[in-house]
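Just protein.cif here, mmCIF, C-alpha atoms:
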data_query
#
loop_
_atom_site.label_atom_id
_atom_site.label_comp_id
_atom_site.auth_asym_id
_atom_site.auth_seq_id
_atom_site.Cartn_x
_atom_site.Cartn_y
_atom_site.Cartn_z
CA MET A 1 57.47 -4.23 197.35
CA LYS A 2 55.19 -2.00 199.41
CA THR A 3 55.97 1.71 199.38
CA LYS A 4 55.29 4.08 202.25
CA VAL A 5 55.41 7.86 202.09
CA LEU A 6 55.96 9.94 205.23
CA ILE A 7 55.42 13.70 204.98
CA PHE A 8 56.08 16.34 207.63
CA ASP A 9 55.39 20.06 207.45
CA ASN A 10 53.62 22.51 209.72
CA ARG A 11 51.39 23.58 206.79
CA GLN A 12 48.60 21.05 206.37
CA ASN A 13 47.59 22.34 202.93
CA LEU A 14 51.14 21.76 201.64
CA ILE A 15 51.08 18.21 203.01
CA SER A 16 47.77 17.51 201.25
CA ASN A 17 48.89 18.97 197.93
CA THR A 18 52.18 17.06 198.05
CA ALA A 19 50.42 13.77 198.84
CA LEU A 20 48.05 14.25 195.89
CA LYS A 21 50.95 14.94 193.53
CA ILE A 22 52.86 11.89 194.72
CA GLU A 23 49.78 9.68 194.43
CA LYS A 24 49.34 10.71 190.80
CA PHE A 25 53.07 10.19 190.14
CA PHE A 26 52.86 6.65 191.54
CA LEU A 27 49.76 5.77 189.55
CA GLU A 28 51.31 7.05 186.32
CA LYS A 29 54.24 4.73 187.02
CA GLY A 30 51.89 1.78 187.54
CA LEU A 31 52.49 1.61 191.30
CA PHE A 32 49.38 0.71 193.33
CA ASP A 33 50.74 -0.70 196.59
CA PHE A 34 51.49 2.44 198.61
CA SER A 35 50.34 4.28 201.72
CA PHE A 36 50.82 7.67 203.38
CA LEU A 37 51.61 8.82 206.90
CA THR A 38 51.44 12.60 207.38
CA THR A 39 51.64 14.97 210.30
CA SER A 40 52.27 18.61 211.15
CA LEU A 41 53.88 17.66 214.51
CA PHE A 42 57.59 16.90 214.29
CA GLU A 43 57.71 14.85 217.52
CA GLU A 44 54.96 12.63 216.12
CA PHE A 45 56.86 12.39 212.84
CA GLY A 46 59.97 11.19 214.70
CA ASN A 47 57.91 8.42 216.31
CA PHE A 48 56.58 7.43 212.88
CA LEU A 49 60.13 7.08 211.62
CA LYS A 50 61.33 4.90 214.50
CA ASN A 51 58.62 2.34 213.71
CA GLN A 52 59.35 2.04 209.99
CA ARG A 53 62.25 -0.42 209.95
CA ASN A 54 60.22 -3.32 208.59
CA GLU A 55 61.59 -5.73 206.04
CA ASN A 56 60.95 -5.58 202.31
CA GLN A 57 59.82 -1.96 202.14
CA SER A 58 60.56 1.21 200.24
CA ILE A 59 60.03 4.32 202.34
CA ILE A 60 60.03 7.92 201.12
CA ILE A 61 60.44 10.70 203.68
CA LEU A 62 59.68 14.30 202.79
CA CYS A 63 60.30 17.11 205.25
CA LYS A 64 61.92 20.52 205.46
CA ASN A 65 65.61 20.49 204.63
CA ASP A 66 66.61 21.76 208.09
CA LYS A 67 64.90 18.71 209.66
CA LEU A 68 66.39 16.11 207.32
CA ASP A 69 69.40 15.23 209.51
CA GLU A 70 67.17 14.78 212.57
CA CYS A 71 64.93 12.45 210.60
CA LEU A 72 67.91 10.40 209.44
CA ASP A 73 69.33 10.18 212.99
CA ALA A 74 65.96 8.92 214.27
CA VAL A 75 66.01 5.86 212.05
CA LYS A 76 69.55 4.90 210.90
CA CYS A 77 71.67 2.09 212.35
CA GLU A 78 75.26 0.87 211.87
CA GLU A 79 74.48 -1.62 209.11
CA ASP A 80 72.86 0.99 206.88
CA LYS A 81 74.54 2.25 203.74
CA LEU A 82 74.06 5.98 203.06
CA SER A 83 74.48 7.78 199.75
CA LEU A 84 73.63 11.17 198.25
CA VAL A 85 71.16 11.51 195.38
CA ASP A 86 71.87 14.55 193.19
CA GLU A 87 73.70 15.98 196.23
CA GLN A 88 70.37 17.00 197.75
CA ALA A 89 68.53 13.86 198.90
CA ILE A 90 69.82 10.99 201.05
CA LYS A 91 69.32 7.31 200.31
CA LEU A 92 69.49 4.73 203.10
CA GLU A 93 69.79 1.05 202.20
CA ASN A 94 69.93 -2.07 204.35
CA GLU A 95 70.56 -5.22 202.33
CA SER A 96 69.76 -7.74 205.09
CA GLN A 97 66.38 -6.12 205.75
CA LYS A 98 65.65 -5.42 202.06
CA LEU A 99 64.94 -1.89 203.20
CA SER A 100 65.32 1.29 201.15
CA MET A 101 64.61 4.79 202.46
CA LEU A 102 64.85 8.05 200.56
CA PHE A 103 64.98 11.37 202.44
CA ILE A 104 63.89 14.31 200.24
CA PRO A 105 63.78 18.01 201.17
CA LEU A 106 60.18 19.15 200.87
CA GLU A 107 61.32 22.42 199.29
CA LEU A 108 62.44 20.54 196.15
CA GLU A 109 60.51 18.87 193.33
CA PHE A 110 60.34 15.20 194.30
CA GLU A 111 60.01 13.74 190.77
CA LYS A 112 63.70 13.78 189.86
CA PHE A 113 64.62 11.86 193.02
CA LEU A 114 61.93 9.21 192.60
CA LYS A 115 62.48 8.36 188.93
CA ASP A 116 65.15 5.77 189.79
CA PHE A 117 63.86 4.90 193.27
CA ILE A 118 60.41 3.80 192.09
CA PRO A 119 60.14 0.94 189.55
CA GLU A 120 57.99 1.69 186.52
CA GLU A 121 55.27 -0.79 185.54
CA LYS A 122 52.76 -0.87 182.70
CA VAL A 123 49.58 1.05 183.41
CA SER A 124 46.40 1.76 181.45
CA VAL A 125 44.49 4.99 181.91
CA PHE A 126 40.81 5.63 181.24
CA SER A 127 39.12 9.03 181.46
CA VAL A 128 35.40 8.63 182.14
CA PHE A 129 32.63 11.23 182.01
CA GLY A 130 28.94 10.91 182.82
CA LYS A 131 29.04 8.00 185.26
CA SER A 132 28.86 8.00 189.05
CA LEU A 133 31.82 6.92 191.15
CA SER A 134 29.87 3.92 192.45
CA PHE A 135 29.15 2.74 188.91
CA VAL A 136 32.76 3.11 187.74
CA ASP A 137 34.06 1.40 190.87
CA SER A 138 31.65 -1.52 190.57
CA LYS A 139 32.60 -2.18 186.95
CA PHE A 140 36.35 -2.03 187.55
CA GLU A 141 35.86 -4.28 190.56
CA GLU A 142 34.35 -6.79 188.13
CA PHE A 143 37.37 -6.39 185.84
CA LYS A 144 39.60 -6.95 188.87
CA VAL A 145 37.84 -10.22 189.73
CA GLU A 146 38.14 -11.38 186.11
CA SER A 147 41.77 -10.43 185.44
CA GLY A 148 43.41 -9.86 188.83
CA CYS A 149 44.23 -6.24 187.99
CA ASP A 150 44.78 -3.43 190.47
CA TYR A 151 43.07 -0.09 189.90
CA LYS A 152 42.65 3.33 191.42
CA ILE A 153 39.97 5.92 190.65
CA ILE A 154 40.72 9.64 190.92
CA THR A 155 37.45 11.59 191.01
CA LYS A 156 37.63 15.18 189.79
CA HIS A 157 33.94 15.92 190.21
CA PRO A 158 30.91 13.61 190.68
CA TYR A 159 30.72 12.75 186.97
CA LEU A 160 34.40 12.93 185.93
CA HIS A 161 36.91 10.23 186.85
CA THR A 162 40.36 9.04 185.83
CA VAL A 163 40.98 5.33 186.32
CA TYR A 164 44.49 3.91 186.55
CA CYS A 165 44.57 0.15 185.95
CA SER A 166 47.49 -2.27 186.09
CA LYS A 167 46.14 -4.16 183.07
CA ASN A 168 44.45 -3.07 179.88
CA VAL A 169 40.74 -3.72 179.48
CA ASP A 170 39.52 -5.21 176.21
CA ASP A 171 38.07 -2.48 173.97
CA GLU A 172 34.88 -4.41 173.24
CA LYS A 173 34.26 -5.01 176.94
CA LEU A 174 34.99 -1.37 177.74
CA GLN A 175 32.60 -0.24 175.02
CA ALA A 176 29.87 -2.62 176.19
CA VAL A 177 30.09 -1.33 179.79
CA PHE A 178 30.87 2.37 179.33
CA GLY A 179 30.02 3.19 175.72
CA GLU A 180 31.08 6.72 174.78
CA SER A 181 31.67 7.65 178.45
CA VAL A 182 35.33 6.61 178.15
CA TYR A 183 36.36 9.68 176.16
CA SER A 184 40.15 9.13 176.34
CA LYS A 185 42.80 6.58 177.24
CA ALA A 186 44.97 9.25 178.84
CA ASP A 187 44.66 11.52 181.86
CA VAL A 188 43.44 14.54 179.91
CA SER A 189 40.57 16.93 180.39
CA LEU A 190 37.52 17.02 178.16
CA ALA A 191 38.65 20.40 176.83
CA GLU A 192 42.08 19.02 175.89
CA THR A 193 40.42 16.04 174.21
CA LEU A 194 38.10 18.25 172.17
CA ASN A 195 40.93 20.58 171.15
CA GLU A 196 42.90 17.60 169.85
CA LEU A 197 39.86 16.21 168.00
CA LEU A 198 39.22 19.57 166.34
CA LYS A 199 42.85 19.69 165.22
CA GLN A 200 42.83 16.10 163.92
CA ASN A 201 39.60 16.67 161.98
CA ASP A 202 40.57 20.15 160.80
CA LYS A 203 37.35 21.60 162.21
CA ASN A 204 36.53 25.02 163.65
CA LEU A 205 34.17 25.47 166.59
CA PHE A 206 32.00 28.42 167.55
CA VAL A 207 30.67 28.58 171.13
CA VAL A 208 27.75 30.84 172.10
CA GLU A 209 26.98 31.18 175.80
CA TYR A 210 24.18 32.83 177.73
CA GLY A 211 24.27 32.74 181.53
CA THR A 212 27.66 31.00 181.91
CA LEU A 213 29.97 34.06 181.76
CA GLY A 214 32.35 32.43 179.27
CA ASN A 215 33.10 29.39 181.42
CA VAL A 216 32.13 26.87 178.71
CA SER A 217 34.51 28.22 176.06
CA ALA A 218 37.37 28.80 178.53
CA GLY A 219 40.20 26.45 177.59
CA LEU A 220 38.81 25.64 174.13
CA ASN A 221 40.42 26.57 170.83
CA CYS A 222 37.33 28.25 169.40
CA GLU A 223 35.55 31.43 168.42
CA ASN A 224 33.09 32.49 171.07
CA LEU A 225 30.28 34.87 171.85
CA VAL A 226 29.36 35.46 175.50
CA LEU A 227 25.94 36.99 176.12
CA LYS A 228 25.09 38.35 179.56
CA THR A 229 21.86 40.35 179.24
CA GLN A 230 18.41 40.18 177.68
CA GLU A 231 19.40 43.12 175.49
CA GLU A 232 22.34 41.18 174.09
CA LEU A 233 20.01 38.26 173.34
CA LYS A 234 17.76 40.60 171.37
CA ASN A 235 20.76 41.83 169.39
CA VAL A 236 21.35 38.30 168.06
CA GLY A 237 17.73 37.76 167.16
CA VAL A 238 16.31 36.24 170.36
CA THR A 239 13.16 38.12 171.39
CA GLN A 240 11.91 38.66 174.92
CA GLU A 241 8.87 36.52 174.17
CA LEU A 242 11.02 33.65 172.94
CA ASN A 243 13.13 33.63 176.09
CA SER A 244 10.33 32.83 178.52
CA GLY A 245 9.36 29.37 179.77
CA GLU A 246 11.06 26.00 179.41
CA ILE A 247 9.50 25.07 176.07
CA LEU A 248 10.57 28.32 174.48
CA GLU A 249 14.05 28.19 176.06
CA LYS A 250 14.67 25.14 173.88
CA GLU A 251 14.29 27.43 170.91
CA VAL A 252 16.77 29.92 172.35
CA VAL A 253 19.76 27.60 171.96
CA PHE A 254 18.67 26.76 168.41
CA ALA A 255 18.41 30.48 167.67
CA LEU A 256 21.87 31.05 169.12
CA SER A 257 23.33 28.20 167.06
CA LYS A 258 21.71 29.46 163.87
CA HIS A 259 23.04 32.96 164.54
CA ALA A 260 26.59 31.62 165.02
CA LEU A 261 26.43 29.53 161.84
CA SER A 262 25.11 32.47 159.82
CA LYS A 263 27.74 34.93 161.08
CA SER A 264 30.76 32.64 161.01
CA THR A 265 32.60 30.22 158.72
CA CYS A 266 32.81 27.69 161.58
CA ASP A 267 32.18 23.99 160.96
CA LEU A 268 30.64 23.22 164.36
CA VAL A 269 28.59 25.14 166.88
CA LEU A 270 27.95 24.72 170.61
CA SER A 271 25.29 26.90 172.24
CA VAL A 272 24.40 27.03 175.92
CA CYS A 273 21.45 28.72 177.63
CA ASP A 274 21.73 28.58 181.42
CA ASN A 275 19.58 30.20 184.08
CA SER A 276 22.05 29.52 186.95
CA SER A 277 19.43 27.63 188.94
CA ASP A 278 19.76 24.26 190.66
CA GLU A 279 16.10 23.56 189.94
CA GLN A 280 15.70 24.46 186.26
CA LYS A 281 17.11 22.87 183.15
CA THR A 282 20.09 24.12 181.17
CA PHE A 283 19.72 23.74 177.40
CA ILE A 284 22.60 22.90 175.08
CA SER A 285 22.69 22.72 171.29
CA VAL A 286 25.46 20.94 169.37
CA GLY A 287 25.83 20.45 165.65
CA ASP A 288 26.90 21.66 162.24
CA ARG A 289 25.26 23.12 159.14
CA GLU A 290 23.38 19.89 158.49
CA THR A 291 22.27 18.77 161.96
CA LEU A 292 21.61 20.36 165.36
CA HIS A 293 21.05 18.24 168.47
CA LEU A 294 19.37 19.49 171.63
CA TYR A 295 20.31 18.36 175.17
CA SER A 296 19.09 19.45 178.57
CA SER A 297 20.00 18.69 182.16
CA VAL A 298 19.67 20.07 185.67
CA PHE A 299 23.06 20.91 187.17
CA VAL A 300 23.34 21.18 190.96
CA GLY A 301 25.97 21.97 193.57
CA ASP A 302 27.88 25.08 194.56
CA LYS A 303 28.56 27.63 191.82
CA ARG A 304 32.03 26.37 190.89
CA GLU A 305 31.15 22.68 190.80
CA ARG A 306 27.91 23.36 188.95
CA LEU A 307 29.72 25.30 186.21
CA ASN A 308 32.47 22.67 185.99
CA VAL A 309 29.95 19.89 185.41
CA LEU A 310 27.95 22.03 182.96
CA GLN A 311 31.10 22.90 180.99
CA ASP A 312 32.21 19.27 180.84
CA PHE A 313 28.74 18.08 179.82
CA ALA A 314 28.61 20.58 176.95
CA ILE A 315 32.13 19.72 175.74
CA PHE A 316 31.40 15.99 176.05
CA ARG A 317 28.40 16.37 173.73
CA VAL A 318 30.63 18.03 171.10
CA ILE A 319 33.17 15.20 171.42
CA CYS A 320 30.41 12.61 170.91
CA PHE A 321 29.09 14.56 167.92
CA LEU A 322 32.54 14.72 166.32
CA ASN A 323 33.20 11.01 166.95
CA GLY A 324 29.84 10.15 165.40
CA LYS A 325 30.83 12.04 162.24
CA ARG A 326 33.97 9.97 161.67
#
Written form, structure tokens:
Amino acid sequence: MKTKVLIFDNRQNLISNTALKIEKFFLEKGLFDFSFLTTSLFEEFGNFLKNQRNENQSIIILCKNDKLDECLDAVKCEEDKLSLVDEQAIKLENESQKLSMLFIPLELEFEKFLKDFIPEEKVSVFSVFGKSLSFVDSKFEEFKVESGCDYKIITKHPYLHTVYCSKNVDDEKLQAVFGESVYSKADVSLAETLNELLKQNDKNLFVVEYGTLGNVSAGLNCENLVLKTQEELKNVGVTQELNSGEILEKEVVFALSKHALSKSTCDLVLSVCDNSSDEQKTFISVGDRETLHLYSSVFVGDKRERLNVLQDFAIFRVICFLNGKR
């Protein structure tokens, strides 16, 4: 049964945030056949409601509590059966039309009213890092053709996506297409995934950052050292001469990692050297007392997005390193 959601409020940002929350709620319940109608004009909202009495539909209406009775009056007819849900929401049912409508005050949390109104289906979740939206979409479109599944991709930044799929995808096929890019089969962040891996493997992580103001270690269960100036670099053994030019910057992250390993009892180290430029490379070192790996990339975008992608890239490399040690 198709589900429609109608939202009215005079604050457009509240409408947008509510729609995003409901979309995620639906996807987590395995519901893919839904649509939204939203407006900040109540007269327009009333017209929306009058045109919604189609057969075989579930309709959810969210608006301010003081407008709820007007909304109900705009759509109800004599054959409808009305009932209260938790004494705060109103359910309208019409058996002959196979129509169900749920009127929810926007001031309340919608989840408790929808848990019985929305059927729950099986759903598989895949968190993907390091692939473009077009790539992820094209591959799940192939899965859809093969298995008849429904799917929805929620993009959090250009290289981070959560895919909700109505059917599971074979692990071997997933590995062949995405490799290590599918870092979790749950809607969790890279930081949450790494924290759980560290706990499972009983490992301690030390993060050393230069140029990222502590953004990489934020949210991680780790020791950290945040360096902001050339003087602070010198204090950990990185000379002015070493920190000049791309070739030598590679050595900076190694020097930072070696410093962390020598001054700490940590099992793993992550070091980042960033120059905050869209045009120059950021260098990242990941490893333990036996092996250190070097990575580099150019991160672009506005300051917030750039740091988000950089942070996720660095954490992703630690996850891959840990998984490779299993």
Next on the checklist: Which residues are near region 166-172 of chain A? Cut-off 6 Å, all atoms listed in the file, ignore same chain within fewer than 4 positions. Put them as a list in words.
Outcome noted: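 Returned residues: Val123, Ser124, Cys149 and Asp150 of chain A.
Distances from A:Leu197, A:Cys77, A:Val208, A:Leu310 to Lys263 (chain A) were compared using all atoms listed in the file, and the smallest one belongs to A:Val208.
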Item to check | Who sits within 8 Å of region 38-47 of chain A, all atoms listed in the file, same chain under 5 positions skipped, as a list in words | outcome: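 Surrounding residues, per the criterion: Leu6, Ile7, Phe8, Asp9, Asn10, Arg11, Gln12, Ile15, Cys71 and Ala74 of chain A.
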Determine the residue membership of the PyMOL selection byres ((chain A and resi 319) around 12) for the file above and supply it as a CSV table (one decimal) with C-alpha atoms, in the coordinates of the input.
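Saved the output as out.csv:
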chain,number,residue,atom,x,y,z
A,129,PHE,CA,32.6,11.2,182.0
A,180,GLU,CA,31.1,6.7,174.8
A,181,SER,CA,31.7,7.6,178.4
A,182,VAL,CA,35.3,6.6,178.2
A,183,TYR,CA,36.4,9.7,176.2
A,184,SER,CA,40.2,9.1,176.3
A,189,SER,CA,40.6,16.9,180.4
A,190,LEU,CA,37.5,17.0,178.2
A,191,ALA,CA,38.6,20.4,176.8
A,192,GLU,CA,42.1,19.0,175.9
A,193,THR,CA,40.4,16.0,174.2
A,194,LEU,CA,38.1,18.2,172.2
A,195,ASN,CA,40.9,20.6,171.2
A,196,GLU,CA,42.9,17.6,169.8
A,197,LEU,CA,39.9,16.2,168.0
A,198,LEU,CA,39.2,19.6,166.3
A,201,ASN,CA,39.6,16.7,162.0
A,203,LYS,CA,37.4,21.6,162.2
A,205,LEU,CA,34.2,25.5,166.6
A,268,LEU,CA,30.6,23.2,164.4
A,269,VAL,CA,28.6,25.1,166.9
A,270,LEU,CA,28.0,24.7,170.6
A,286,VAL,CA,25.5,20.9,169.4
A,287,GLY,CA,25.8,20.4,165.6
A,312,ASP,CA,32.2,19.3,180.8
A,313,PHE,CA,28.7,18.1,179.8
A,314,ALA,CA,28.6,20.6,177.0
A,315,ILE,CA,32.1,19.7,175.7
A,316,PHE,CA,31.4,16.0,176.0
A,317,ARG,CA,28.4,16.4,173.7
A,318,VAL,CA,30.6,18.0,171.1
A,320,CYS,CA,30.4,12.6,170.9
A,321,PHE,CA,29.1,14.6,167.9
A,322,LEU,CA,32.5,14.7,166.3
A,323,ASN,CA,33.2,11.0,167.0
A,324,GLY,CA,29.8,10.2,165.4
A,325,LYS,CA,30.8,12.0,162.2
A,326,ARG,CA,34.0,10.0,161.7
Item to check | Two-atom distance - CA of Gln88 (chain A), CA of Pro105 (chain A) (Å) | outcome: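 So the answer is 7.5 Å.
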Checklist entry - Pick from A:Val128, A:Leu31, A:Val216, A:Leu233: nearest to Gln175 (chain A), with all atoms listed in the file counted? => result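 For Gln175 (chain A), the nearest of the candidates is A:Val128.
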Item to check | Counting only C-alpha atoms, the residue of A:Ser127, A:Gln280, A:Gly214, A:Asn308 that sits nearest Val188 (chain A) | outcome: A:Ser127
Item to check | Hits of the PyMOL selection byres ((chain A and resi 165) around 12) in this structure, as a ChimeraX atom specification | outcome: /A:26-32,121-127,137,140-141,143-144,147-154,162-164,166-169,185-186
Item to check | Residues returned when the PyMOL selection byres ((chain A and resi 160) around 7) runs on this file, as a count of residues only | outcome: 9
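Atom pair CA of Ala218 (chain A) / CA of Phe206 (chain A): separated by 12.2 Å.
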Item to check | Radius query 10 Å about (72.6, 11.1, 201.8), atoms used: only C-alpha atoms, as JSON, numbers by chain | outcome: {"A": [68, 69, 72, 81, 82, 83, 84, 85, 86, 87, 88, 89, 90, 91, 92, 102, 103, 104]}
Checklist entry - Rounded to one decimal in Å, what is the spacing between CA of Ile22 (chain A) and CA of Lys139 (chain A)? => result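 The value is 25.9 Å.
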Item to check | From A:Asn275, A:Asn204, A:Glu251, A:Glu79, residue lying nearest Lys228 (chain A) [all atoms listed in the file] | outcome: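 Result for the nearest residue to Lys228 (chain A): A:Asn275.
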Next on the checklist: So, with only C-alpha atoms as the atoms that count, which of A:Thr18, A:Gln57, A:Ser271, A:Ser132 lies closest to Glu111 (chain A)?
Outcome noted: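 The closest residue to Glu111 (chain A) is A:Thr18.
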Next on the checklist: My list of candidates is A:Asn224, A:Asn17, A:Ser285, A:Gln200. Which is closest to Lys258 (chain A) when distances are computed with only C-alpha atoms?
Outcome noted: A:Ser285
Find the residues around Val236 (chain A) up to 10 Å (only C-alpha atoms counted), leave out those fewer than 5 positions away in its own chain, and share them as a PDB file with C-alpha atoms, in the coordinates of the input.
ATOM      1  CA  LEU A 227      25.940  36.990 176.120  1.00  0.00           C
ATOM      2  CA  GLU A 231      19.400  43.120 175.490  1.00  0.00           C
ATOM      3  CA  ALA A 255      18.410  30.480 167.670  1.00  0.00           C
ATOM      4  CA  LEU A 256      21.870  31.050 169.120  1.00  0.00           C
ATOM      5  CA  LYS A 258      21.710  29.460 163.870  1.00  0.00           C
ATOM      6  CA  HIS A 259      23.040  32.960 164.540  1.00  0.00           C
ATOM      7  CA  ALA A 260      26.590  31.620 165.020  1.00  0.00           C
TER       8      ALA A 260
END
Kindly reconstruct region 309-317 of chain A with all heavy atoms and present the result as a compact mmCIF listing (two decimals), in the frame of the given file.
# COMPACT_ATOMS: atom_id res chain seq x y z
N VAL A 309 30.70 21.02 185.97
CA VAL A 309 29.95 19.89 185.41
C VAL A 309 29.24 20.32 184.13
O VAL A 309 29.24 19.60 183.12
CB VAL A 309 28.94 19.33 186.43
CG1 VAL A 309 28.13 18.20 185.80
CG2 VAL A 309 29.66 18.82 187.67
N LEU A 310 28.64 21.52 184.14
CA LEU A 310 27.95 22.03 182.96
C LEU A 310 28.92 22.14 181.78
O LEU A 310 28.62 21.72 180.66
CB LEU A 310 27.33 23.39 183.28
CG LEU A 310 26.37 24.04 182.28
CD1 LEU A 310 25.56 25.13 182.97
CD2 LEU A 310 27.08 24.64 181.08
N GLN A 311 30.09 22.74 182.04
CA GLN A 311 31.10 22.90 180.99
C GLN A 311 31.50 21.54 180.42
O GLN A 311 31.54 21.35 179.20
CB GLN A 311 32.34 23.61 181.54
CG GLN A 311 33.46 23.76 180.50
CD GLN A 311 34.78 24.14 181.11
OE1 GLN A 311 35.14 23.65 182.18
NE2 GLN A 311 35.51 25.02 180.46
N ASP A 312 31.78 20.59 181.30
CA ASP A 312 32.21 19.27 180.84
C ASP A 312 31.11 18.55 180.07
O ASP A 312 31.37 17.86 179.07
CB ASP A 312 32.67 18.42 182.02
CG ASP A 312 34.05 18.81 182.52
OD1 ASP A 312 34.77 19.48 181.76
OD2 ASP A 312 34.40 18.43 183.65
N PHE A 313 29.86 18.70 180.52
CA PHE A 313 28.74 18.08 179.82
C PHE A 313 28.63 18.63 178.40
O PHE A 313 28.47 17.88 177.42
CB PHE A 313 27.44 18.33 180.58
CG PHE A 313 26.21 17.78 179.91
CD1 PHE A 313 25.88 16.44 180.02
CD2 PHE A 313 25.39 18.61 179.15
CE1 PHE A 313 24.74 15.93 179.39
CE2 PHE A 313 24.26 18.12 178.51
CZ PHE A 313 23.93 16.77 178.64
N ALA A 314 28.72 19.95 178.27
CA ALA A 314 28.61 20.58 176.95
C ALA A 314 29.75 20.13 176.03
O ALA A 314 29.53 19.78 174.87
CB ALA A 314 28.61 22.10 177.10
N ILE A 315 30.97 20.12 176.54
CA ILE A 315 32.13 19.72 175.74
C ILE A 315 32.02 18.24 175.37
O ILE A 315 32.33 17.84 174.23
CB ILE A 315 33.43 20.01 176.51
CG1 ILE A 315 33.62 21.52 176.64
CG2 ILE A 315 34.63 19.38 175.80
CD1 ILE A 315 34.77 21.92 177.55
N PHE A 316 31.56 17.43 176.31
CA PHE A 316 31.40 15.99 176.05
C PHE A 316 30.43 15.75 174.89
O PHE A 316 30.67 14.89 174.04
CB PHE A 316 30.88 15.30 177.31
CG PHE A 316 30.61 13.83 177.16
CD1 PHE A 316 31.66 12.92 177.03
CD2 PHE A 316 29.31 13.35 177.15
CE1 PHE A 316 31.41 11.56 176.88
CE2 PHE A 316 29.05 12.00 177.01
CZ PHE A 316 30.10 11.10 176.88
N ARG A 317 29.35 16.54 174.83
CA ARG A 317 28.40 16.37 173.73
C ARG A 317 29.03 16.71 172.39
O ARG A 317 28.73 16.10 171.36
CB ARG A 317 27.15 17.23 173.96
CG ARG A 317 26.28 16.92 175.15
CD ARG A 317 26.06 15.47 175.49
NE ARG A 317 25.84 14.58 174.36
CZ ARG A 317 25.73 13.27 174.45
NH1 ARG A 317 25.82 12.68 175.64
NH2 ARG A 317 25.55 12.52 173.39
